[in-house]
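S.K.: Have a peek at work-v3.tsv (TSV, C-alpha atoms).
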```tsv
chain	number	residue	atom	x	y	z
A	1151	MET	CA	-16.54	22.14	-1.22
A	1152	MET	CA	-13.55	24.26	-0.28
A	1153	LEU	CA	-11.24	21.24	-0.34
A	1154	ASP	CA	-12.63	20.18	-3.70
A	1155	ARG	CA	-11.87	23.67	-5.02
A	1156	ILE	CA	-8.32	23.54	-3.62
A	1157	PHE	CA	-7.71	20.22	-5.34
A	1158	ARG	CA	-9.03	21.44	-8.69
A	1159	GLN	CA	-6.89	24.56	-8.47
A	1160	ALA	CA	-3.83	22.45	-7.70
A	1161	GLU	CA	-4.51	20.20	-10.68
A	1162	ARG	CA	-4.90	23.22	-13.00
A	1163	ALA	CA	-1.63	24.65	-11.71
A	1164	VAL	CA	0.15	21.39	-12.42
A	1165	ALA	CA	-1.32	21.22	-15.94
A	1166	GLU	CA	-0.32	24.82	-16.71
A	1167	LYS	CA	3.18	24.23	-15.42
A	1168	GLY	CA	3.52	21.06	-17.48
A	1169	ALA	CA	2.41	22.84	-20.66
A	1170	GLY	CA	5.24	25.34	-20.55
A	1171	ALA	CA	7.90	23.36	-18.74
A	1172	ALA	CA	11.09	22.12	-20.32
A	1173	LYS	CA	11.47	18.44	-21.09
A	1174	PRO	CA	12.43	16.62	-17.87
A	1175	PRO	CA	15.88	15.05	-17.73
A	1176	GLU	CA	16.14	11.47	-18.92
A	1177	ARG	CA	15.86	8.98	-16.10
A	1178	GLN	CA	18.90	6.89	-15.34
A	1179	ALA	CA	18.25	3.87	-13.15
A	1180	PRO	CA	21.05	3.15	-10.68
A	1181	ARG	CA	23.45	0.42	-11.72
A	1182	LYS	CA	22.70	-2.81	-9.88
A	1183	GLY	CA	19.60	-1.21	-8.42
A	1184	VAL	CA	16.71	-3.02	-6.77
A	1185	ALA	CA	13.20	-2.67	-8.18
A	1186	LEU	CA	10.61	-2.68	-5.40
A	1187	ALA	CA	7.07	-4.04	-5.63
A	1188	LEU	CA	5.36	-2.51	-2.58
A	1189	GLY	CA	2.11	-4.26	-1.73
A	1190	GLY	CA	-1.10	-3.08	-0.12
A	1191	GLY	CA	-2.06	-3.70	3.48
A	1192	ALA	CA	-3.83	-0.68	4.98
A	1193	ALA	CA	-2.19	0.38	8.27
A	1194	ARG	CA	0.41	-2.36	7.95
A	1195	GLY	CA	1.77	-0.44	4.96
A	1196	TRP	CA	3.78	1.87	7.20
A	1197	ALA	CA	6.25	-1.04	7.24
A	1198	HIS	CA	7.29	0.06	3.75
A	1199	ILE	CA	8.92	3.11	5.33
A	1200	GLY	CA	11.16	0.83	7.40
A	1201	VAL	CA	12.04	-1.21	4.29
A	1202	LEU	CA	13.16	1.92	2.43
A	1203	ARG	CA	15.10	3.20	5.45
A	1204	ALA	CA	17.00	-0.09	5.68
A	1205	LEU	CA	17.88	-0.09	1.98
A	1206	ASP	CA	19.11	3.50	2.14
A	1207	GLU	CA	21.16	2.80	5.25
A	1208	ALA	CA	22.78	-0.21	3.57
A	1209	GLY	CA	23.52	1.77	0.42
A	1210	ILE	CA	21.28	-0.39	-1.79
A	1211	PRO	CA	20.01	1.79	-4.68
A	1212	VAL	CA	16.36	1.61	-5.69
A	1213	SER	CA	15.96	1.52	-9.48
A	1214	MET	CA	12.15	1.80	-9.62
A	1215	ILE	CA	9.05	1.39	-7.49
A	1216	ALA	CA	5.73	-0.17	-8.41
A	1217	GLY	CA	3.18	0.34	-5.66
A	1218	THR	CA	-0.33	-0.78	-4.88
A	1219	SER	CA	-2.56	0.99	-2.34
A	1220	ILE	CA	-0.49	2.21	0.61
A	1221	GLY	CA	2.56	0.84	-1.20
A	1222	ALA	CA	1.95	3.46	-3.88
A	1223	LEU	CA	1.59	6.18	-1.24
A	1224	VAL	CA	4.86	5.34	0.51
A	1225	GLY	CA	6.75	4.64	-2.73
A	1226	GLY	CA	5.58	7.83	-4.39
A	1227	CYS	CA	6.55	9.97	-1.41
A	1228	TYR	CA	9.97	8.27	-1.28
A	1229	LEU	CA	10.79	8.99	-4.94
A	1230	ALA	CA	9.48	12.54	-4.56
A	1231	GLY	CA	11.89	13.12	-1.67
A	1232	ARG	CA	9.08	13.38	0.88
A	1233	LEU	CA	9.61	10.24	2.95
A	1234	ASP	CA	10.73	12.23	5.99
A	1235	GLU	CA	7.49	14.22	5.96
A	1236	LEU	CA	5.39	11.10	5.47
A	1237	GLU	CA	7.13	9.33	8.33
A	1238	ALA	CA	6.65	12.33	10.61
A	1239	PHE	CA	2.97	12.42	9.66
A	1240	ALA	CA	2.56	8.68	10.33
A	1241	LEU	CA	4.29	8.89	13.70
A	1242	SER	CA	2.11	11.85	14.70
A	1243	LEU	CA	-1.14	9.92	14.26
A	1244	THR	CA	-3.21	9.07	17.30
A	1245	ARG	CA	-6.60	7.41	17.60
A	1246	ARG	CA	-8.27	10.79	17.97
A	1247	GLY	CA	-6.11	12.51	15.36
A	1248	LEU	CA	-6.88	9.81	12.82
A	1249	MET	CA	-10.61	10.43	13.15
A	1250	GLY	CA	-10.02	14.11	12.43
A	1251	LEU	CA	-8.64	13.25	8.98
A	1252	LEU	CA	-11.63	11.19	7.92
A	1253	ASP	CA	-14.63	12.94	6.37
A	1254	PHE	CA	-17.40	10.41	6.90
A	1255	ARG	CA	-20.52	10.42	4.74
A	1256	LEU	CA	-23.72	8.36	4.80
A	1257	SER	CA	-24.42	8.43	1.07
A	1258	GLY	CA	-22.49	7.95	-2.14
A	1259	GLU	CA	-19.98	5.31	-3.17
A	1260	GLY	CA	-17.76	5.37	-0.09
A	1261	LEU	CA	-17.95	5.88	3.66
A	1262	ILE	CA	-15.02	8.32	3.54
A	1263	GLY	CA	-14.66	11.14	1.05
A	1264	GLY	CA	-10.90	11.29	1.47
A	1265	MET	CA	-10.60	15.00	0.73
A	1266	ARG	CA	-9.07	15.84	4.11
A	1267	LEU	CA	-6.36	13.26	3.50
A	1268	ASN	CA	-6.02	14.52	-0.04
A	1269	ALA	CA	-5.58	18.10	1.15
A	1270	ARG	CA	-2.51	16.99	3.12
A	1271	LEU	CA	-1.03	15.37	0.01
A	1272	VAL	CA	-1.82	18.36	-2.19
A	1273	SER	CA	-0.16	20.76	0.23
A	1274	ALA	CA	3.09	18.77	0.04
A	1275	LEU	CA	3.05	17.40	-3.52
A	1276	LYS	CA	0.73	19.61	-5.56
A	1277	ASP	CA	3.35	20.22	-8.25
A	1278	ALA	CA	4.76	16.69	-8.36
A	1279	ARG	CA	4.56	14.86	-11.70
A	1280	ILE	CA	5.41	11.19	-12.03
A	1281	GLU	CA	7.43	11.76	-15.19
A	1282	ASP	CA	9.59	14.32	-13.35
A	1283	LEU	CA	10.77	11.78	-10.77
A	1284	ASP	CA	14.36	10.65	-11.22
A	1285	ARG	CA	13.35	6.97	-11.33
A	1286	PRO	CA	10.34	5.13	-12.75
A	1287	PHE	CA	7.24	4.96	-10.57
A	1288	VAL	CA	4.00	3.13	-11.28
A	1289	ALA	CA	0.85	3.24	-9.16
A	1290	VAL	CA	-1.57	0.37	-9.74
A	1291	ALA	CA	-5.33	0.95	-9.68
A	1292	THR	CA	-8.46	-0.86	-10.85
A	1293	GLU	CA	-10.96	0.44	-13.41
A	1294	GLY	CA	-14.29	0.19	-11.63
A	1295	ARG	CA	-16.56	-0.45	-14.61
A	1296	ASN	CA	-14.73	-3.30	-16.31
A	1297	GLY	CA	-12.07	-4.48	-13.87
A	1298	HIS	CA	-9.08	-3.49	-16.00
A	1299	GLU	CA	-5.73	-3.19	-14.26
A	1300	VAL	CA	-4.51	0.40	-14.59
A	1301	TRP	CA	-0.85	1.41	-14.47
A	1302	MET	CA	-0.32	5.12	-13.85
A	1303	ASP	CA	3.24	6.00	-14.86
A	1304	SER	CA	2.80	9.69	-15.72
A	1305	GLY	CA	0.70	12.66	-14.68
A	1306	SER	CA	-0.21	13.90	-11.21
A	1307	LEU	CA	1.54	11.96	-8.46
A	1308	VAL	CA	-1.16	12.86	-5.93
A	1309	LEU	CA	-3.97	11.68	-8.19
A	1310	ALA	CA	-2.19	8.40	-8.92
A	1311	MET	CA	-1.62	7.66	-5.24
A	1312	ARG	CA	-5.21	8.54	-4.33
A	1313	ALA	CA	-6.58	6.22	-6.99
A	1314	SER	CA	-4.32	3.37	-5.89
A	1315	TYR	CA	-5.56	3.41	-2.27
A	1316	ALA	CA	-9.29	4.04	-2.96
A	1317	VAL	CA	-10.63	0.95	-1.16
A	1318	PRO	CA	-14.13	0.17	-2.53
A	1319	GLY	CA	-16.87	1.00	-0.07
A	1320	ILE	CA	-14.49	2.97	2.15
A	1321	PHE	CA	-13.01	5.73	-0.02
A	1322	LEU	CA	-14.74	7.39	-2.92
A	1323	PRO	CA	-13.45	6.27	-6.33
A	1324	VAL	CA	-11.14	8.64	-8.17
A	1325	GLU	CA	-12.22	10.03	-11.54
A	1326	CYS	CA	-9.30	10.03	-13.96
A	1327	GLY	CA	-9.39	10.18	-17.75
A	1328	GLY	CA	-13.13	9.46	-17.77
A	1329	ARG	CA	-12.65	6.31	-15.68
A	1330	ARG	CA	-13.63	5.45	-12.11
A	1331	LEU	CA	-10.55	4.08	-10.36
A	1332	PHE	CA	-10.42	1.96	-7.23
A	1333	ASP	CA	-7.70	0.36	-5.13
A	1334	GLY	CA	-5.19	-1.59	-7.22
A	1335	ALA	CA	-5.16	-4.47	-4.73
A	1336	LEU	CA	-8.35	-5.74	-6.37
A	1337	VAL	CA	-6.26	-6.91	-9.33
A	1338	ASN	CA	-2.55	-6.78	-8.39
A	1339	PRO	CA	-1.87	-6.61	-4.63
A	1340	VAL	CA	1.93	-6.99	-4.91
A	1341	PRO	CA	2.86	-5.61	-8.36
A	1342	VAL	CA	5.88	-7.72	-9.27
A	1343	SER	CA	4.54	-8.02	-12.82
A	1344	VAL	CA	4.85	-4.25	-13.28
A	1345	CYS	CA	8.57	-4.33	-12.44
A	1346	ARG	CA	9.04	-7.24	-14.85
A	1347	ALA	CA	7.29	-5.33	-17.61
A	1348	TYR	CA	9.79	-2.52	-17.07
A	1349	GLU	CA	12.60	-5.06	-17.63
A	1350	GLN	CA	14.00	-4.75	-14.13
A	1351	PRO	CA	16.59	-7.50	-13.53
A	1352	LEU	CA	16.28	-7.64	-9.72
A	1353	VAL	CA	12.81	-7.41	-8.19
A	1354	VAL	CA	12.17	-7.43	-4.45
A	1355	ALA	CA	8.56	-7.75	-3.30
A	1356	VAL	CA	7.28	-6.50	0.05
A	1357	ASN	CA	4.27	-8.64	0.94
A	1358	LEU	CA	2.34	-7.53	4.02
A	1359	HIS	CA	-0.08	-10.47	4.06
A	1360	TYR	CA	2.31	-13.38	4.18
A	1361	ASP	CA	1.86	-14.17	7.88
A	1362	LEU	CA	-1.95	-13.98	8.03
A	1363	PHE	CA	-2.25	-17.69	8.73
A	1364	GLY	CA	-5.56	-19.39	7.99
A	1365	ARG	CA	-6.69	-17.13	5.16
A	1366	ALA	CA	-5.90	-19.86	2.61
A	1367	ALA	CA	-7.28	-22.76	4.65
A	1368	VAL	CA	-10.30	-24.85	3.61
A	1369	LEU	CA	-12.60	-25.86	6.46
A	1370	ARG	CA	-15.32	-28.49	6.55
A	1371	MET	CA	-18.14	-27.96	9.01
A	1372	LYS	CA	-21.70	-28.92	9.75
A	1373	ALA	CA	-24.34	-26.31	8.88
A	1374	GLU	CA	-26.03	-26.02	12.24
A	1375	ASN	CA	-26.59	-23.17	14.66
A	1376	THR	CA	-24.52	-23.31	17.82
A	1377	ASP	CA	-25.16	-21.88	21.26
A	1378	PRO	CA	-23.49	-18.44	21.30
A	1379	ASP	CA	-23.12	-18.67	25.08
A	1380	ALA	CA	-21.31	-22.01	25.00
A	1381	PRO	CA	-17.63	-21.83	25.99
A	1382	GLU	CA	-15.02	-22.23	23.29
A	1383	SER	CA	-13.20	-25.50	22.97
A	1384	PRO	CA	-9.42	-25.36	23.61
A	1385	VAL	CA	-8.79	-25.67	19.86
A	1386	ASP	CA	-11.20	-22.83	19.01
A	1387	ALA	CA	-9.77	-20.66	21.78
A	1388	LEU	CA	-6.25	-21.14	20.40
A	1389	ALA	CA	-7.42	-20.29	16.88
A	1390	THR	CA	-9.09	-17.12	18.16
A	1391	ALA	CA	-5.95	-16.09	20.05
A	1392	ARG	CA	-3.92	-16.39	16.85
A	1393	MET	CA	-6.21	-14.13	14.87
A	1394	PRO	CA	-5.14	-10.53	14.17
A	1395	ALA	CA	-6.53	-8.05	16.68
A	1396	ASP	CA	-9.14	-6.72	14.25
A	1397	ASN	CA	-10.57	-10.20	13.72
A	1398	ARG	CA	-10.94	-11.06	17.42
A	1399	ARG	CA	-13.55	-8.43	18.16
A	1400	ASP	CA	-17.10	-9.69	18.33
A	1401	LYS	CA	-18.70	-6.42	17.28
A	1402	ILE	CA	-17.28	-4.89	14.13
A	1403	GLY	CA	-18.47	-1.96	12.10
A	1404	ILE	CA	-19.30	-1.74	8.43
A	1405	ALA	CA	-15.96	-0.20	7.54
A	1406	ARG	CA	-13.96	-2.95	9.24
A	1407	SER	CA	-16.13	-5.64	7.66
A	1408	VAL	CA	-15.45	-4.19	4.21
A	1409	VAL	CA	-11.72	-3.88	4.86
A	1410	ASP	CA	-11.47	-7.43	6.24
A	1411	ALA	CA	-13.30	-8.86	3.25
A	1412	PHE	CA	-11.17	-6.80	0.89
A	1413	ASN	CA	-7.95	-8.03	2.48
A	1414	ILE	CA	-9.02	-11.67	2.28
A	1415	ILE	CA	-9.51	-11.18	-1.45
A	1416	GLN	CA	-6.18	-9.39	-1.64
A	1417	ASP	CA	-4.39	-12.24	0.11
A	1418	ARG	CA	-5.85	-14.87	-2.22
A	1419	ILE	CA	-5.05	-12.86	-5.35
A	1420	SER	CA	-1.48	-12.12	-4.25
A	1421	ARG	CA	-0.81	-15.81	-3.53
A	1422	SER	CA	-1.95	-16.71	-7.02
A	1423	ARG	CA	-0.14	-13.93	-8.85
A	1424	LEU	CA	3.13	-14.32	-6.96
A	1425	ALA	CA	3.11	-18.05	-7.64
A	1426	GLY	CA	2.82	-17.38	-11.38
A	1427	ASP	CA	5.30	-14.48	-11.48
A	1428	PRO	CA	7.53	-14.69	-8.40
A	1429	PRO	CA	9.98	-11.95	-7.41
A	1430	ASP	CA	13.69	-12.59	-7.00
A	1431	LEU	CA	13.23	-12.06	-3.27
A	1432	SER	CA	10.27	-11.47	-0.97
A	1433	VAL	CA	10.43	-9.46	2.24
A	1434	HIS	CA	7.71	-10.32	4.76
A	1435	PRO	CA	7.51	-7.80	7.62
A	1436	ARG	CA	5.96	-9.44	10.67
A	1437	VAL	CA	2.99	-7.14	10.93
A	1438	ARG	CA	0.41	-9.80	11.78
A	1439	ASP	CA	-0.58	-8.19	15.07
A	1440	ILE	CA	-1.15	-4.73	13.56
A	1441	GLY	CA	-4.84	-4.14	12.92
A	1442	LEU	CA	-5.78	-3.06	9.42
A	1443	SER	CA	-7.18	0.23	10.71
A	1444	GLU	CA	-4.50	0.90	13.36
A	1445	PHE	CA	-2.66	3.62	11.47
A	1446	PHE	CA	-1.58	5.10	14.80
A	1447	ARG	CA	0.83	2.16	15.33
A	1448	ALA	CA	3.25	3.46	12.72
A	1449	LYS	CA	6.32	3.23	14.96
A	1450	GLU	CA	5.89	-0.53	15.36
A	1451	CYS	CA	5.19	-1.07	11.65
A	1452	ILE	CA	8.23	0.90	10.56
A	1453	ALA	CA	10.40	-1.09	12.95
A	1454	PHE	CA	9.03	-4.39	11.61
A	1455	GLY	CA	9.80	-3.35	8.03
A	1456	TYR	CA	13.31	-2.21	8.93
A	1457	GLU	CA	14.15	-5.35	10.92
A	1458	GLU	CA	12.90	-7.77	8.28
A	1459	THR	CA	14.78	-5.98	5.50
A	1460	MET	CA	17.97	-6.06	7.53
A	1461	ARG	CA	17.49	-9.79	8.05
A	1462	SER	CA	17.25	-10.16	4.26
A	1463	MET	CA	20.18	-7.86	3.50
A	1464	ASN	CA	22.77	-10.58	2.89
A	1465	GLU	CA	20.52	-12.20	0.30
A	1466	ILE	CA	19.79	-8.85	-1.34
A	1467	ARG	CA	23.53	-8.18	-1.64
A	1468	ARG	CA	24.15	-11.66	-3.05
A	1469	LEU	CA	21.51	-11.14	-5.72
A	1470	GLN	CA	22.87	-7.70	-6.44
A	1471	GLU	CA	26.33	-9.14	-7.07
A	1472	CYS	CA	24.85	-11.49	-9.65
A	1473	LEU	CA	23.65	-8.61	-11.80
A	1474	PRO	CA	25.66	-7.72	-14.91
A	1475	ALA	CA	28.03	-4.78	-14.55
A	1476	THR	CA	26.14	-2.71	-17.15
```
Produce structure tokens that represent the structure in this file.
M.R.:
Amino acid sequence: MMLDRIFRQAERAVAEKGAGAAKPPERQAPRKGVALALGGGAARGWAHIGVLRALDEAGIPVSMIAGTSIGALVGGCYLAGRLDELEAFALSLTRRGLMGLLDFRLSGEGLIGGMRLNARLVSALKDARIEDLDRPFVAVATEGRNGHEVWMDSGSLVLAMRASYAVPGIFLPVECGGRRLFDGALVNPVPVSVCRAYEQPLVVAVNLHYDLFGRAAVLRMKAENTDPDAPESPVDALATARMPADNRRDKIGIARSVVDAFNIIQDRISRSRLAGDPPDLSVHPRVRDIGLSEFFRAKECIAFGYEETMRSMNEIRRLQECLPAT
């Protein structure tokens, strides 16, 4: 209840400030900038930090960010000038520390209330408004009652990020404008289409599901029970070894089952949408071996994102040179 009250007070403060504030300066996108579509991927999303670090180091300007789920979290913090704090927070996570941030509940619409996580965001970004950022930012969410795709491009930055990563069944939905909002990966896992709608000439997508081999395969099998104690065949053993760590465990909890199912859907949707509206370039951090719930492996994820972006840097520069001068 106390955290709920803190959040409501923060939202009122933002609203009161916005009512009397001067008109924010007009945004000016960097010339020859790169628009980023940052996809969802749970713990693998820390790779987005490495992508942004590589672009900054190479002097590649970012003209806008469209983010889904953890892509919205990282992208929003970057444009708000809080990437250092987010990275420090991610690197500080341990298995035990992660559990301390999750407020589990046995009833309601989600296993995790999310208010402890939200309190951390509010403490750092309680006054942040999307329209006050110096470049366009869009967080993608899903309207829970009718499945509409929701683009949040103004208002509270914290609320937009929370709505974008509200995984159904795990986090509680976010109430916004009389609507129940869930994770945007249900409808647009890698939001290239958002950048296109904003008329961005160079769009780079960061897809965290590209190397999850087998998710798009079609298998034919006989519907018969098998002996659970029988040893695996060499082929089955190899297939099991190639699975991500989260998928190899025999005993999985409800939360992991929901997240795995959600990410299979996300992978299928992203394949379809990216085929119909491809980016100018895709960056695929090699985060296959990072479990979806292993948020404490941020150092590895960040390194994967940085390394893959650096490998793509020559192509990014080539595309950048093709842009018109104005």
S.K.: Which one of A:Ala1355, A:Leu1241, A:Cys1451, A:Val1368 sits closest to His1434 (chain A) if you count only C-alpha atoms?
M.R.: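 When distances to His1434 (chain A) are compared using only C-alpha atoms, the smallest one comes from A:Ala1355.
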S.K.: Might you pull out every residue within 8 Å of region 1302-1315 of chain A, with only C-alpha atoms counted and same-chain residues fewer than 6 positions away left off, and present them as a PyMOL selection string?
M.R.: chain A and resi 1161+1164+1218-1220+1222-1223+1226+1268+1271-1272+1275-1281+1286-1292+1323-1324+1331-1335
S.K.: Measuring atom to atom with all atoms listed in the file, identify which of A:Pro1435, A:Gly1328, A:Pro1341, A:Gly1426 is nearest to Leu1188 (chain A).
M.R.: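 Among the listed residues, the smallest separation from Leu1188 (chain A) belongs to A:Pro1341.
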S.K.: Restricting the calculation to only C-alpha atoms, which member of A:Glu1450, A:Leu1352, A:Val1212, A:Cys1227 is positioned closest to Leu1469 (chain A)?
M.R.: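 Of A:Glu1450, A:Leu1352, A:Val1212, A:Cys1227, the one nearest Leu1469 (chain A), counting only C-alpha atoms, is A:Leu1352.
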S.K.: Have a look at CA of Leu1283 (chain A) and CA of Ser1242 (chain A) and let me know their distance in Å, one decimal.
M.R.: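 Here the two named atoms are 26.9 Å from each other.
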S.K.: Would you kindly return, as a list in words, each protein, DNA or RNA residue with an atom no farther than 7 Å from any atom of Pro1429 (chain A), considering all atoms listed in the file and excluding same-chain residues fewer than 6 positions away?
M.R.: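 Within the cut-off, the hits are Val1342, Val1353, Val1354 and Ala1355 of chain A.
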S.K.: Measuring between only C-alpha atoms, which one of A:Leu1202, A:Gly1327, A:Tyr1228, A:Glu1299 shows the shortest distance to Glu1457 (chain A)?
M.R.: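 Under the stated criterion, the closest residue is A:Leu1202.
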S.K.: Give me, please, the distance in Å between CA of Asp1361 (chain A) and CA of Ser1407 (chain A), quoted to one decimal.
M.R.: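 CA of Ser1407 (chain A) lies 19.9 Å from CA of Asp1361 (chain A).
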S.K.: Quick one, how far is CA of Ala1208 (chain A) from CA of Glu1458 (chain A)?
M.R.: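 According to the coordinates, CA of Ala1208 (chain A) and CA of Glu1458 (chain A) are separated by 13.3 Å.
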S.K.: Given only C-alpha atoms as the basis, pick out the residue of A:Gly1217, A:Leu1229, A:Val1437, A:Ser1422 nearest to Ile1452 (chain A).
M.R.: A:Val1437
S.K.: Which one of A:Ala1197, A:Met1371, A:Leu1236, A:Ala1185 sits closest to Gly1455 (chain A) if you count only C-alpha atoms?
M.R.: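 The answer is A:Ala1197, which sits nearest to Gly1455 (chain A).
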